[in-house]
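Below is one structure; the comments refer to it alone.
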Amino acid sequence: WTKVRKERQNVAECPPLTHRPMFEPSSNNANGFCTDSRQLSVSLSGMPRPVRTVLTLLLCVIALALSAPADADSSRMETRLVERINDARDARGLHPLRVAGALQRGAHGWARHLLRSDSFHHDRLASGTGEILAWGTCSWMRPAKAVRMWLDSAPHRELLLKPGFRRVGTGWLRGQWRAYGCAEMAVARFR
């Protein structure tokens with residue numbers, strides 16, 4: 001044992017590196033000798049700025065894609081919700097509403113936000129824009145039931161049947177929400 005300690009004291013230090021290689025020398029072995037073994041050392045800070053930017057954006061896109069909820073039926077359900085809204089308006093002699101792209105994107109995005117954040121509240125909207133929300137369990141909630149709930153509530157009925165509205169956008173997403181394993185979130189926006 002004392003012989004090994006004396007050998008360690010007599011070993012020269014490893015020569016310093018003159019540049020920062022992609023593969024850095026590993027720590028010295030247990031005997032105190034310099035080694036030629038290398039370990040991969042990759043860090044974003046050592047990369048050129050354009051490469052870092054591209055890699056960071058790529059990782060963000062992948063993370064967003066993987067975290068998006070499965071909503072394969074959302075466009076069909078959103079279309080059905082618009083149809084049920086227009087059915088209710090037609091039954092009362094009101095003109096049908098046309099889908100507006102900006103309202104549609106906003107309603108869909110807000111439904112997604114409500115599911116992901118486990119919340120249920122109205123968004124801050126531009127003046128002249130109305131919004132109504134509904135949610136229910138997957139086994140129960142359908143577009144016709146959402147419209148029925150809105151018609152049964154005086155403030156929601158007033159928005160749904162407002163004669164001055166010409167455009168609509170709907171969001172309908174399914175996902176885990178609060179303590180419910182499967183919930184349907186509905187958002188309708190009017191202008």
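Labels used: A, B, ... for chains in the order of the structure tokens, numbers from 1 for residues in each chain, and numbers from 1 for ligands as shown.
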If we count only C-alpha atoms, what is near Arg189 in chain A at a cut-off of 10 Å, once residues fewer than 2 positions away on the same chain are taken out, given as a list in words?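 What passes the distance filter is Val99, Ala100, Ala102, Leu103, Gln104, Gly106, Ala107, His108, Leu125, Thr129, Gly130, Glu131, Ile132, Leu133, Leu159, Leu160, Phe165, Arg167, Val168, Gly169, Thr170, Gly171, Val187 and Arg191 of chain A.
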From the DSSP assignment of the backbone, select every residue of range 70-185 of chain A that is strand (DSSP E or B), and format the answer as a list of chain:residue names.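 The strand (DSSP E or B) subset of range 70-185 of chain A is A:Arg98, A:Val99, A:Gly130, A:Glu131, A:Ile132, A:Leu133, A:Ala134, A:Trp135, A:Gly136, A:Thr137, A:Arg167, A:Val168, A:Gly169, A:Thr170, A:Gly171, A:Trp172, A:Leu173, A:Arg174, A:Gly175, A:Gln176, A:Trp177, A:Tyr180, A:Gly181, A:Cys182, A:Ala183, A:Glu184, A:Met185.
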Generate a file of the selected residues that holds C-alpha atoms, formatted as a tab-separated table (two decimals), in the first residue's frame.
```tsv
chain	number	residue	atom	x	y	z
A	98	ARG	CA	-71.07	31.81	-40.15
A	99	VAL	CA	-67.81	30.41	-38.84
A	130	GLY	CA	-69.47	37.04	-26.51
A	131	GLU	CA	-68.32	33.74	-25.09
A	132	ILE	CA	-70.09	30.81	-23.48
A	133	LEU	CA	-68.51	27.72	-21.95
A	134	ALA	CA	-69.68	24.24	-21.04
A	135	TRP	CA	-68.13	21.03	-19.86
A	136	GLY	CA	-69.30	17.52	-19.13
A	137	THR	CA	-68.05	13.99	-18.80
A	167	ARG	CA	-70.12	35.11	-36.76
A	168	VAL	CA	-69.29	32.16	-34.52
A	169	GLY	CA	-66.23	30.13	-33.55
A	170	THR	CA	-66.35	26.92	-31.53
A	171	GLY	CA	-63.86	24.86	-29.62
A	172	TRP	CA	-64.50	21.31	-28.49
A	173	LEU	CA	-61.81	19.19	-26.92
A	174	ARG	CA	-61.70	15.98	-24.97
A	175	GLY	CA	-59.16	15.26	-22.27
A	176	GLN	CA	-58.42	14.76	-18.61
A	177	TRP	CA	-59.73	17.65	-16.53
A	180	TYR	CA	-62.35	13.56	-14.32
A	181	GLY	CA	-60.48	11.03	-16.40
A	182	CYS	CA	-62.37	12.12	-19.51
A	183	ALA	CA	-64.14	15.44	-19.97
A	184	GLU	CA	-65.49	17.36	-22.96
A	185	MET	CA	-64.78	21.11	-22.98
```
Taking the backbone alone, and naming residues the way the document does, which bits of range 105-165 of chain A are alpha helix (DSSP H) by DSSP, as a PyMOL selection string? chain A and resi 105-116+143-151+154-160
May I have the residues from that selection written out with C-alpha atoms, as a tab-separated table (two decimals), in the first residue's frame?
```tsv
chain	number	residue	atom	x	y	z
A	105	ARG	CA	-58.96	29.48	-33.59
A	106	GLY	CA	-59.53	31.48	-30.42
A	107	ALA	CA	-62.33	29.21	-29.17
A	108	HIS	CA	-60.34	26.06	-29.94
A	109	GLY	CA	-57.25	27.47	-28.24
A	110	TRP	CA	-59.25	28.51	-25.17
A	111	ALA	CA	-60.83	25.05	-24.84
A	112	ARG	CA	-57.32	23.57	-24.98
A	113	HIS	CA	-56.12	26.06	-22.35
A	114	LEU	CA	-59.00	25.22	-20.00
A	115	LEU	CA	-58.27	21.49	-20.23
A	116	ARG	CA	-54.53	21.85	-19.77
A	143	PRO	CA	-73.02	19.34	-28.75
A	144	ALA	CA	-76.82	19.12	-28.48
A	145	LYS	CA	-76.59	18.85	-24.68
A	146	ALA	CA	-74.24	21.85	-24.50
A	147	VAL	CA	-76.68	23.96	-26.51
A	148	ARG	CA	-79.59	22.73	-24.35
A	149	MET	CA	-77.72	23.77	-21.17
A	150	TRP	CA	-77.03	27.20	-22.67
A	151	LEU	CA	-80.67	27.66	-23.69
A	154	ALA	CA	-80.99	33.08	-19.25
A	155	PRO	CA	-77.58	34.84	-19.64
A	156	HIS	CA	-76.25	32.12	-21.96
A	157	ARG	CA	-79.49	32.00	-23.97
A	158	GLU	CA	-79.25	35.79	-24.47
A	159	LEU	CA	-75.78	35.43	-26.04
A	160	LEU	CA	-76.66	32.38	-28.10
```
For a quick check of understanding, using only C-alpha atoms, which of A:Ala126, A:Val82, A:Met77, A:Met141 has the smallest distance to Pro96 in chain A?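 When distances to Pro96 in chain A are compared using only C-alpha atoms, the smallest one comes from A:Val82.
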Which one is closest to Leu161 in chain A: A:Val54, A:Ala179, A:Leu94, A:Ala186? Count only C-alpha atoms. A:Leu94
Point-to-point distance in Å for CA of Asp123 in chain A and CA of Ile85 in chain A: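 Taking CA of Ile85 in chain A and CA of Asp123 in chain A, their separation equals 20.4 Å.
Here CA of His95 in chain A and CA of Gly164 in chain A stand 9.6 Å from one another.
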